[in-house]
$ cat model.tsv   # TSV, C-alpha atoms
chain	number	residue	atom	x	y	z
U	1	MET	CA	15.10	1.81	-33.32
U	2	GLU	CA	12.40	-0.54	-32.12
U	3	GLY	CA	13.79	-3.79	-30.74
U	4	LYS	CA	12.53	-7.35	-31.01
U	5	GLU	CA	9.40	-7.99	-28.96
U	6	ILE	CA	10.20	-9.90	-25.79
U	7	ARG	CA	8.44	-13.15	-24.86
U	8	ILE	CA	6.85	-13.44	-21.43
U	9	SER	CA	5.87	-16.28	-19.11
U	10	LEU	CA	3.14	-15.53	-16.58
U	11	CYS	CA	3.87	-17.61	-13.46
U	12	MET	CA	1.23	-17.97	-10.75
U	13	ILE	CA	0.72	-20.04	-7.64
U	14	VAL	CA	-2.93	-20.76	-6.86
U	15	ARG	CA	-5.19	-22.60	-4.49
U	16	ASN	CA	-9.01	-22.56	-4.54
U	17	GLU	CA	-9.20	-19.49	-6.75
U	18	GLU	CA	-12.31	-20.36	-8.77
U	19	ASN	CA	-13.90	-16.98	-7.96
U	20	THR	CA	-11.00	-14.85	-9.19
U	21	ILE	CA	-8.67	-16.71	-11.56
U	22	ALA	CA	-10.73	-16.21	-14.74
U	23	ARG	CA	-10.91	-12.45	-14.09
U	24	CYS	CA	-7.14	-12.32	-13.66
U	25	LEU	CA	-6.38	-14.32	-16.80
U	26	ASP	CA	-8.86	-12.31	-18.87
U	27	SER	CA	-7.08	-9.11	-17.86
U	28	VAL	CA	-3.68	-10.27	-19.18
U	29	LYS	CA	-4.77	-11.38	-22.64
U	30	GLY	CA	-2.08	-10.66	-25.20
U	31	ILE	CA	0.66	-10.15	-22.60
U	32	PRO	CA	2.01	-13.64	-21.77
U	33	ASP	CA	3.31	-16.05	-24.42
U	34	GLU	CA	2.95	-18.88	-21.94
U	35	ILE	CA	1.06	-19.25	-18.68
U	36	VAL	CA	2.47	-21.42	-15.90
U	37	ILE	CA	0.04	-22.33	-13.13
U	38	VAL	CA	1.27	-24.05	-9.99
U	39	ASP	CA	-1.56	-25.42	-7.86
U	40	THR	CA	-0.82	-25.95	-4.19
U	41	GLY	CA	-3.88	-28.07	-3.39
U	42	SER	CA	-7.12	-26.76	-4.87
U	43	SER	CA	-10.34	-28.59	-4.05
U	44	ASP	CA	-12.60	-26.40	-6.21
U	45	ARG	CA	-12.83	-25.71	-9.98
U	46	THR	CA	-9.56	-23.72	-10.20
U	47	LYS	CA	-7.74	-26.25	-12.40
U	48	GLU	CA	-10.75	-26.72	-14.65
U	49	ILE	CA	-10.94	-22.96	-15.22
U	50	VAL	CA	-7.24	-22.44	-15.93
U	51	LYS	CA	-7.23	-25.33	-18.43
U	52	GLU	CA	-9.12	-23.00	-20.76
U	53	SER	CA	-6.04	-20.72	-20.84
U	54	THR	CA	-3.06	-23.09	-20.51
U	55	ASP	CA	-2.00	-26.71	-20.35
U	56	LYS	CA	1.08	-25.88	-18.25
U	57	ILE	CA	-0.47	-26.75	-14.89
U	58	PHE	CA	1.73	-28.25	-12.17
U	59	ASP	CA	1.00	-29.57	-8.70
U	60	PHE	CA	3.12	-28.52	-5.74
U	61	THR	CA	2.69	-30.02	-2.29
U	62	TRP	CA	2.14	-27.15	0.12
U	63	ILE	CA	4.93	-26.91	2.74
U	64	ASP	CA	4.02	-23.57	4.37
U	65	ASP	CA	6.57	-21.80	2.19
U	66	PHE	CA	5.44	-19.25	-0.41
U	67	ALA	CA	8.96	-18.66	-1.74
U	68	ALA	CA	9.41	-22.38	-2.44
U	69	ALA	CA	6.16	-22.47	-4.41
U	70	ARG	CA	7.00	-19.34	-6.41
U	71	ASN	CA	10.52	-20.56	-7.17
U	72	PHE	CA	9.03	-23.84	-8.41
U	73	ALA	CA	6.68	-21.87	-10.70
U	74	PHE	CA	9.57	-19.78	-12.01
U	75	SER	CA	11.54	-22.97	-12.76
U	76	LYS	CA	8.84	-24.04	-15.24
U	77	ALA	CA	9.06	-20.85	-17.33
U	78	THR	CA	10.75	-21.08	-20.75
U	79	THR	CA	10.61	-17.55	-22.26
U	80	ASP	CA	12.73	-14.37	-22.02
U	81	TYR	CA	10.97	-12.75	-19.08
U	82	ILE	CA	8.79	-13.86	-16.17
U	83	LEU	CA	5.73	-11.95	-14.95
U	84	TRP	CA	4.09	-12.90	-11.67
U	85	LEU	CA	0.62	-12.12	-10.35
U	86	ASP	CA	-1.73	-13.39	-7.67
U	87	ALA	CA	-5.13	-14.71	-8.65
U	88	ASP	CA	-6.92	-11.67	-7.22
U	89	ASP	CA	-4.78	-9.21	-9.20
U	90	VAL	CA	-5.71	-7.69	-12.55
U	91	PHE	CA	-4.49	-5.24	-15.14
U	92	ALA	CA	-6.99	-2.49	-15.91
U	93	GLU	CA	-7.52	-2.16	-19.66
U	94	SER	CA	-5.40	1.00	-19.87
U	95	ASP	CA	-2.56	-0.73	-18.02
U	96	ARG	CA	-2.85	-3.81	-20.24
U	97	GLU	CA	-2.48	-1.58	-23.31
U	98	GLN	CA	0.57	0.09	-21.77
U	99	PHE	CA	2.05	-3.30	-20.98
U	100	LEU	CA	1.62	-4.40	-24.61
U	101	LYS	CA	3.60	-1.32	-25.67
U	102	LEU	CA	6.27	-2.15	-23.10
U	103	LYS	CA	6.47	-5.68	-24.45
U	104	LYS	CA	7.22	-4.35	-27.94
U	105	ASN	CA	9.73	-1.73	-26.84
U	106	LEU	CA	11.48	-3.00	-23.71
U	107	ASP	CA	15.25	-2.61	-23.86
U	108	PRO	CA	16.60	-6.19	-23.66
U	109	LEU	CA	19.32	-4.92	-21.31
U	110	MET	CA	16.64	-4.43	-18.64
U	111	ASP	CA	16.73	-7.14	-15.99
U	112	VAL	CA	13.81	-5.98	-13.86
U	113	VAL	CA	10.64	-3.94	-14.30
U	114	ASN	CA	8.84	-2.77	-11.17
U	115	MET	CA	5.27	-1.50	-11.12
U	116	PRO	CA	2.92	0.27	-8.71
U	117	TYR	CA	0.65	-2.13	-6.84
U	118	LEU	CA	-2.73	-0.54	-6.15
U	119	LEU	CA	-4.10	-2.10	-2.98
U	120	ALA	CA	-7.05	0.00	-1.79
U	121	PHE	CA	-9.59	2.45	-3.20
U	122	ASP	CA	-12.22	4.83	-1.86
U	123	GLN	CA	-15.90	4.84	-2.80
U	124	PHE	CA	-15.12	7.04	-5.80
U	125	GLY	CA	-12.53	4.62	-7.20
U	126	ALA	CA	-9.51	6.76	-6.32
U	127	VAL	CA	-6.40	4.96	-5.07
U	128	THR	CA	-5.93	5.25	-1.30
U	129	PHE	CA	-3.04	2.85	-0.69
U	130	SER	CA	-0.24	1.66	-2.96
U	131	LEU	CA	3.35	0.44	-3.09
U	132	ARG	CA	5.80	-0.91	-5.68
U	133	ARG	CA	6.72	-4.51	-6.50
U	134	ASN	CA	9.21	-6.07	-8.89
U	135	ARG	CA	6.89	-7.66	-11.47
U	136	LEU	CA	8.75	-8.57	-14.64
U	137	VAL	CA	12.20	-10.16	-14.48
U	138	LYS	CA	14.66	-11.63	-16.98
U	139	ARG	CA	14.52	-15.41	-16.72
U	140	SER	CA	18.22	-15.89	-17.47
U	141	LYS	CA	19.13	-13.98	-14.27
U	142	ASN	CA	17.61	-16.78	-12.15
U	143	PHE	CA	16.31	-14.40	-9.52
U	144	ARG	CA	15.02	-16.17	-6.41
U	145	TRP	CA	12.11	-15.66	-4.05
U	146	ILE	CA	13.04	-15.43	-0.38
U	147	GLY	CA	10.84	-15.86	2.70
U	148	ALA	CA	8.28	-18.48	3.70
U	149	VAL	CA	5.68	-15.76	4.29
U	150	HIS	CA	5.49	-12.25	2.80
U	151	GLU	CA	8.10	-13.42	0.34
U	152	TYR	CA	10.10	-11.04	-1.80
U	153	LEU	CA	11.94	-11.35	-5.10
U	154	GLU	CA	15.66	-10.64	-4.72
U	155	VAL	CA	16.83	-8.79	-7.84
U	156	SER	CA	19.80	-6.85	-9.19
U	157	GLY	CA	21.04	-5.33	-12.41
U	158	HIS	CA	19.29	-2.85	-14.70
U	159	VAL	CA	15.91	-1.81	-13.33
U	160	LEU	CA	13.06	0.06	-15.01
U	161	ASN	CA	10.57	1.97	-12.83
U	162	SER	CA	7.35	1.60	-14.79
U	163	ASP	CA	4.04	3.43	-14.29
U	164	ILE	CA	2.04	0.39	-15.45
U	165	CYS	CA	-0.15	-0.57	-12.49
U	166	VAL	CA	-1.24	-3.91	-11.11
U	167	THR	CA	-4.60	-3.65	-9.35
U	168	HIS	CA	-5.39	-5.85	-6.36
U	169	LYS	CA	-9.07	-6.74	-6.42
U	170	GLY	CA	-9.10	-8.96	-3.37
U	171	THR	CA	-11.38	-11.80	-2.47
U	172	GLY	CA	-13.42	-12.80	0.56
U	173	GLY	CA	-11.98	-16.33	0.50
U	174	ASP	CA	-8.59	-15.68	2.11
U	175	ASP	CA	-7.54	-17.68	5.19
U	176	SER	CA	-6.93	-14.75	7.51
U	177	ASP	CA	-5.09	-16.92	10.06
U	178	ARG	CA	-2.84	-18.71	7.54
U	179	ASN	CA	0.24	-16.47	7.75
U	180	LEU	CA	0.07	-16.09	11.52
U	181	LYS	CA	-0.14	-19.87	11.91
U	182	ILE	CA	2.92	-20.36	9.69
U	183	TYR	CA	4.93	-17.91	11.79
U	184	GLU	CA	3.76	-19.50	15.04
U	185	LYS	CA	4.74	-22.97	13.79
U	186	ARG	CA	8.20	-21.72	12.86
U	187	LYS	CA	8.58	-20.02	16.23
U	188	ALA	CA	7.46	-23.18	18.06
U	189	LYS	CA	10.19	-25.11	16.21
U	190	GLY	CA	12.76	-22.66	17.55
U	191	GLU	CA	13.59	-21.15	14.16
U	192	SER	CA	15.54	-17.90	14.17
U	193	PHE	CA	13.61	-15.02	12.65
U	194	SER	CA	15.33	-12.60	10.31
U	195	PRO	CA	14.63	-8.88	10.84
U	196	ARG	CA	12.13	-9.10	7.98
U	197	ASP	CA	10.40	-12.07	9.63
U	198	LEU	CA	10.14	-10.12	12.89
U	199	TYR	CA	8.52	-7.21	11.07
U	200	TYR	CA	5.95	-9.29	9.19
U	201	PHE	CA	5.23	-11.48	12.21
U	202	ALA	CA	4.49	-8.27	14.10
U	203	ASN	CA	2.16	-7.18	11.29
U	204	GLU	CA	0.22	-10.44	11.58
U	205	LEU	CA	-0.05	-10.01	15.36
U	206	PHE	CA	-1.22	-6.43	14.87
U	207	ASP	CA	-3.86	-7.48	12.34
U	208	HIS	CA	-5.16	-9.99	14.88
U	209	LYS	CA	-5.33	-7.25	17.55
U	210	LEU	CA	-2.62	-8.94	19.65
U	211	TYR	CA	-1.13	-5.54	20.40
U	212	ASN	CA	1.21	-6.38	23.27
U	213	GLN	CA	2.79	-9.24	21.33
U	214	ALA	CA	2.99	-7.04	18.24
U	215	ILE	CA	4.79	-4.34	20.23
U	216	GLU	CA	7.37	-6.87	21.41
U	217	SER	CA	8.06	-8.06	17.86
U	218	TYR	CA	8.18	-4.55	16.33
U	219	GLN	CA	10.59	-3.40	19.02
U	220	GLU	CA	12.78	-6.47	18.52
U	221	PHE	CA	12.78	-5.72	14.78
U	222	LEU	CA	13.83	-2.09	15.26
U	223	LYS	CA	16.58	-3.08	17.71
U	224	THR	CA	18.27	-5.20	15.04
U	225	GLY	CA	19.11	-2.00	13.12
U	226	GLN	CA	19.01	-4.11	9.95
U	227	GLY	CA	15.54	-3.36	8.66
U	228	TRP	CA	14.70	-1.72	5.34
U	229	VAL	CA	14.07	1.98	6.00
U	230	GLU	CA	10.47	1.78	4.73
U	231	ASP	CA	9.76	-1.12	7.09
U	232	ASN	CA	11.39	0.82	9.95
U	233	ILE	CA	9.10	3.78	9.26
U	234	SER	CA	6.07	1.54	8.97
U	235	ALA	CA	6.97	-0.21	12.24
U	236	CYS	CA	7.01	3.16	14.02
U	237	GLY	CA	3.53	3.85	12.71
U	238	LYS	CA	2.25	0.44	13.75
U	239	LEU	CA	3.76	0.87	17.22
U	240	ALA	CA	2.00	4.22	17.51
U	241	ASP	CA	-1.25	2.47	16.53
U	242	CYS	CA	-0.67	-0.30	19.09
U	243	TYR	CA	-0.16	2.20	21.89
U	244	HIS	CA	-3.15	4.25	20.73
U	245	ASN	CA	-5.33	1.13	20.92
U	246	LEU	CA	-3.94	0.39	24.38
U	247	GLY	CA	-4.62	3.96	25.53
U	248	GLU	CA	-0.95	4.84	26.09
U	249	LYS	CA	-0.81	8.28	24.49
U	250	ASP	CA	2.72	9.17	25.55
U	251	LYS	CA	4.14	6.04	23.91
U	252	GLN	CA	1.99	6.69	20.85
U	253	LEU	CA	3.54	10.13	20.49
U	254	GLU	CA	7.05	8.74	21.11
U	255	TYR	CA	6.88	6.39	18.15
U	256	ILE	CA	5.36	8.93	15.78
U	257	PHE	CA	8.38	11.16	16.45
U	258	LYS	CA	10.72	8.15	16.27
U	259	SER	CA	9.79	7.79	12.60
U	260	PHE	CA	11.67	11.05	11.99
U	261	GLU	CA	14.90	9.27	12.96
U	262	GLN	CA	14.51	7.06	9.90
U	263	ALA	CA	13.85	9.70	7.23
U	264	THR	CA	12.56	13.22	6.74
U	265	PRO	CA	8.93	13.64	7.85
U	266	ARG	CA	6.33	11.91	5.69
U	267	ALA	CA	2.86	13.34	5.18
U	268	GLU	CA	1.37	10.23	6.82
U	269	PHE	CA	3.17	10.98	10.10
U	270	CYS	CA	2.46	14.70	9.95
U	271	CYS	CA	-1.23	13.80	9.66
U	272	ARG	CA	-0.85	11.43	12.61
U	273	LEU	CA	0.54	14.29	14.70
U	274	GLY	CA	-2.10	16.67	13.43
U	275	PHE	CA	-4.82	14.26	14.51
U	276	TYR	CA	-3.14	13.68	17.87
U	277	PHE	CA	-3.25	17.41	18.67
U	278	LEU	CA	-6.67	17.95	17.10
U	279	SER	CA	-8.06	15.18	19.33
U	280	ALA	CA	-6.43	16.87	22.32
U	281	LYS	CA	-8.09	20.19	21.29
U	282	GLN	CA	-4.64	21.72	20.78
U	283	TYR	CA	-5.67	23.26	17.50
U	284	GLU	CA	-2.65	25.48	16.84
U	285	GLN	CA	-0.34	22.47	17.08
U	286	GLY	CA	-2.72	20.57	14.85
U	287	VAL	CA	-2.55	23.36	12.28
U	288	PHE	CA	1.26	23.21	12.32
U	289	TRP	CA	1.48	19.52	11.49
U	290	TYR	CA	-1.37	19.41	8.98
U	291	LYS	CA	0.06	22.47	7.24
U	292	LEU	CA	3.48	20.80	7.06
U	293	ALA	CA	1.84	17.77	5.43
U	294	THR	CA	0.52	20.02	2.65
U	295	GLN	CA	3.98	21.49	2.04
U	296	LEU	CA	5.95	18.26	1.68
U	297	GLU	CA	7.02	17.03	-1.74
U	298	LYS	CA	5.63	13.61	-2.49
U	299	PRO	CA	8.44	11.06	-3.07
U	300	ILE	CA	8.83	9.95	-6.69
U	301	ASP	CA	8.91	6.19	-7.30
U	302	SER	CA	8.72	5.46	-3.58
U	303	TRP	CA	8.79	1.77	-2.68
U	304	GLY	CA	7.14	2.29	0.67
U	305	PRO	CA	3.40	2.18	1.32
U	306	MET	CA	1.71	5.45	0.39
U	307	ILE	CA	-1.56	6.69	1.89
U	308	GLU	CA	-2.66	8.98	-0.92
U	309	ALA	CA	-5.12	10.96	1.21
U	310	CYS	CA	-2.30	12.26	3.41
U	311	TRP	CA	-0.51	13.69	0.37
U	312	THR	CA	-3.62	15.26	-1.14
U	313	TRP	CA	-6.95	16.17	0.44
U	314	LEU	CA	-6.94	14.91	4.05
U	315	PRO	CA	-4.66	17.55	5.66
U	316	HIS	CA	-6.68	20.32	3.98
U	317	LEU	CA	-9.93	18.87	5.32
U	318	GLN	CA	-8.42	18.68	8.81
U	319	LEU	CA	-7.00	22.21	8.53
U	320	CYS	CA	-10.55	23.31	7.83
U	321	VAL	CA	-11.63	21.74	11.12
U	322	CYS	CA	-8.72	23.23	13.10
U	323	TYR	CA	-9.17	26.74	11.70
U	324	ASP	CA	-12.90	26.60	12.32
U	325	ARG	CA	-12.30	25.67	15.97
U	326	ILE	CA	-10.07	28.72	16.49
U	327	GLY	CA	-12.45	31.04	14.69
U	328	LYS	CA	-10.45	31.54	11.46
U	329	HIS	CA	-13.38	30.76	9.20
U	330	GLU	CA	-11.98	32.23	5.99
U	331	LEU	CA	-8.89	30.01	6.24
U	332	ALA	CA	-11.15	27.07	7.09
U	333	TYR	CA	-13.17	27.73	3.95
U	334	GLU	CA	-10.03	28.11	1.83
U	335	HIS	CA	-8.65	24.72	2.85
U	336	ASN	CA	-12.02	23.02	2.49
U	337	GLU	CA	-12.16	24.29	-1.10
U	338	ILE	CA	-8.74	22.75	-1.76
U	339	ALA	CA	-9.99	19.46	-0.35
U	340	ARG	CA	-13.09	19.79	-2.58
U	341	LYS	CA	-10.88	19.90	-5.69
U	342	TYR	CA	-9.68	16.40	-4.80
U	343	ARG	CA	-12.97	15.09	-3.39
U	344	PRO	CA	-15.87	17.05	-4.95
U	345	GLU	CA	-18.48	14.53	-3.77
U	346	ASN	CA	-17.18	13.94	-0.26
U	347	THR	CA	-20.08	14.39	2.18
U	348	GLN	CA	-17.91	15.96	4.90
U	349	VAL	CA	-16.40	18.43	2.44
U	350	LEU	CA	-19.85	19.40	1.16
U	351	TYR	CA	-21.19	19.77	4.71
U	352	ASN	CA	-18.25	22.04	5.59
U	353	LYS	CA	-18.86	24.14	2.49
U	354	ASN	CA	-22.51	24.78	3.37
U	355	TYR	CA	-21.74	25.37	7.03
U	356	LEU	CA	-18.88	27.82	6.40
U	357	GLU	CA	-20.75	29.71	3.71
U	358	GLY	CA	-23.47	30.21	6.30
U	359	VAL	CA	-21.00	31.36	8.93
U	360	LEU	CA	-19.15	33.69	6.55
U	361	GLY	CA	-22.41	35.04	5.16
U	362	LYS	CA	-23.70	35.82	8.62
U	363	ALA	CA	-20.40	37.46	9.57
U	364	LYS	CA	-20.53	39.61	6.43
U	365	LYS	CA	-24.07	40.73	7.19
U	366	GLU	CA	-23.08	41.63	10.76
U	367	GLU	CA	-20.12	43.62	9.42
U	368	ILE	CA	-22.38	45.58	7.03
U	369	ASN	CA	-24.93	46.23	9.78
U	370	LYS	CA	-22.20	47.49	12.08
U	371	GLU	CA	-20.91	49.86	9.41
U	372	LEU	CA	-24.45	51.19	8.87
U	373	ALA	CA	-24.94	51.67	12.61
U	374	ASP	CA	-21.61	53.53	12.93
U	375	ASN	CA	-22.65	55.89	10.14

$ encode --input "model.tsv" --output "structure tokens"
Amino acid sequence: MEGKEIRISLCMIVRNEENTIARCLDSVKGIPDEIVIVDTGSSDRTKEIVKESTDKIFDFTWIDDFAAARNFAFSKATTDYILWLDADDVFAESDREQFLKLKKNLDPLMDVVNMPYLLAFDQFGAVTFSLRRNRLVKRSKNFRWIGAVHEYLEVSGHVLNSDICVTHKGTGGDDSDRNLKIYEKRKAKGESFSPRDLYYFANELFDHKLYNQAIESYQEFLKTGQGWVEDNISACGKLADCYHNLGEKDKQLEYIFKSFEQATPRAEFCCRLGFYFLSAKQYEQGVFWYKLATQLEKPIDSWGPMIEACWTWLPHLQLCVCYDRIGKHELAYEHNEIARKYRPENTQVLYNKNYLEGVLGKAKKEEINKELADN
């Protein structure tokens, strides 16, 4: 039996989003019953643009605390459920249609709906990087945002894992130093960092190429033993990247293997090891790890970051390279063809195809000529 359609408040915090906010609001048409916009200090046309969609616009003095701003936005909602987005997020039309169906049919016992967050794409439009976020929550549960930076929504109760996607479009107007500055101010004040703070502070240091400082923060995070397993795994990968950039190969390898202490091997780390040995011209070891990546079962509804290439075409492309280097051209061709099923227009895949067909054709001709000569 179809239940009563739920009512939804879209709650957003914005600042100087004139280049993206209209695109975001256009993409949600029909979904929210009210739109709550909290402006943290815009000096452009953001407010003027959002007035065309809502009159529920509130000012919030920025205090270097994203959770405080989001909690203020949530406090202004009046409907059954709250949806949150950033100004540079959108729903693709197919996802908007799916959301409208969800709105009509959602079991009112559900407290939380999480959705895949599509963060990066290749030149062909295929998703290359994604994770999950809690997106739609029951207002009566009074869930709270936690964390001044890289905030998260603390939830509980009945949860629905949805396949409706939110797409991050991005914008060139971001203040790339903003989050790092907030962390540095907090550190200068002598604030104690939670394990999660240590992890995200390390990420900011890494993004700013401050590798030695990032290493210190990642290691401090791991030593707490209190991190979320996906963050622990990610920290091992970032540490491996730090040491790679610093030219310390032994430490790089140490932290790739350390990820296996957190969970069974992930394709991302198998590909890391494959590349490590391929770069060292240890092709048989490279084959082992890339082949293992192709045999792993992709986690269902994983909350951790997923590099899609590592679970699909990349290990096959790299197996092609490894097998070619050790003279196993038929196996090289076989794996390149598998990669081509995923990436039919990839220039490297097409180059490999032409090259290997030439090699295999020449080898076949030589085999025929040898047979003729022997007869």

$ atom_distance --input "model.tsv" --atom1 "CA of Gln123 in chain U" --atom2 "CA of Glu268 in chain U"
20.5 Å

$ closest_residue --input "model.tsv" --among "U:Ser9, U:Asn336, U:Ser279, U:Ser217" --to "Lys103 in chain U" --atoms "only C-alpha atoms"
U:Ser9

$ residues_around --input "model.tsv" --residues "Ile35 in chain U" --least-positions-apart "5" --cutoff "7 Å" --atoms "only C-alpha atoms" --output "mmCIF file with C-alpha atoms, keeping the file's coordinate frame"
data_model
loop_
_atom_site.group_PDB
_atom_site.id
_atom_site.type_symbol
_atom_site.label_atom_id
_atom_site.label_comp_id
_atom_site.auth_asym_id
_atom_site.auth_seq_id
_atom_site.Cartn_x
_atom_site.Cartn_y
_atom_site.Cartn_z
ATOM 1 C CA SER U 9 5.870 -16.280 -19.110
ATOM 2 C CA LEU U 10 3.140 -15.530 -16.580
ATOM 3 C CA CYS U 11 3.870 -17.610 -13.460
ATOM 4 C CA THR U 54 -3.060 -23.090 -20.510
ATOM 5 C CA LYS U 56 1.080 -25.880 -18.250
#

$ residues_around --input "model.tsv" --residues "Glu17 in chain U" --least-positions-apart "3" --cutoff "8 Å" --atoms "all atoms listed in the file" --output "VMD selection string"
chain U and resid 14 20 to 21 42 44 to 46 87

$ write_last_selection --input "model.tsv" --atoms "C-alpha atoms" --output "CSV table (one decimal), keeping the file's coordinate frame"
chain,number,residue,atom,x,y,z
U,14,VAL,CA,-2.9,-20.8,-6.9
U,20,THR,CA,-11.0,-14.8,-9.2
U,21,ILE,CA,-8.7,-16.7,-11.6
U,42,SER,CA,-7.1,-26.8,-4.9
U,44,ASP,CA,-12.6,-26.4,-6.2
U,45,ARG,CA,-12.8,-25.7,-10.0
U,46,THR,CA,-9.6,-23.7,-10.2
U,87,ALA,CA,-5.1,-14.7,-8.6

$ residues_around --input "model.tsv" --residues "range 346-350 of chain U" --least-positions-apart "6" --cutoff "12 Å" --atoms "all atoms listed in the file" --output "JSON, numbers by chain"
{"U": [122, 123, 124, 313, 314, 316, 317, 318, 319, 320, 321, 332, 333, 334, 335, 336, 337, 338, 339, 340, 356, 357]}

$ atom_distance --input "model.tsv" --atom1 "CA of Ser234 in chain U" --atom2 "CA of Val112 in chain U"
25.3 Å

$ residues_around --input "model.tsv" --residues "Cys271 in chain U" --least-positions-apart "5" --cutoff "8 Å" --atoms "all atoms listed in the file" --output "list in words"
Trp289, Tyr290, Ala293, Cys310 and Pro315 of chain U

$ atom_distance --input "model.tsv" --atom1 "CA of Cys242 in chain U" --atom2 "CA of Lys281 in chain U"
21.9 Å

$ closest_residue --input "model.tsv" --among "U:Lys138, U:Lys29, U:His168, U:Lys251" --to "Glu93 in chain U" --atoms "all atoms listed in the file"
U:Lys29

$ axis_aligned_box --input "model.tsv" --around "range 127-133 of chain U" --padding-each-side "6 Å" --output "JSON"
{"center_x": 0.2, "center_y": 0.4, "center_z": -3.6, "size_x": 25.1, "size_y": 21.8, "size_z": 17.8}

$ closest_residue --input "model.tsv" --among "U:Arg272, U:Arg139, U:Arg196, U:Arg133" --to "Ile256 in chain U" --atoms "all atoms listed in the file"
U:Arg272

$ closest_residue --input "model.tsv" --among "U:Leu131, U:Ala240, U:Met12, U:Ala263" --to "Ile300 in chain U" --atoms "only C-alpha atoms"
U:Leu131
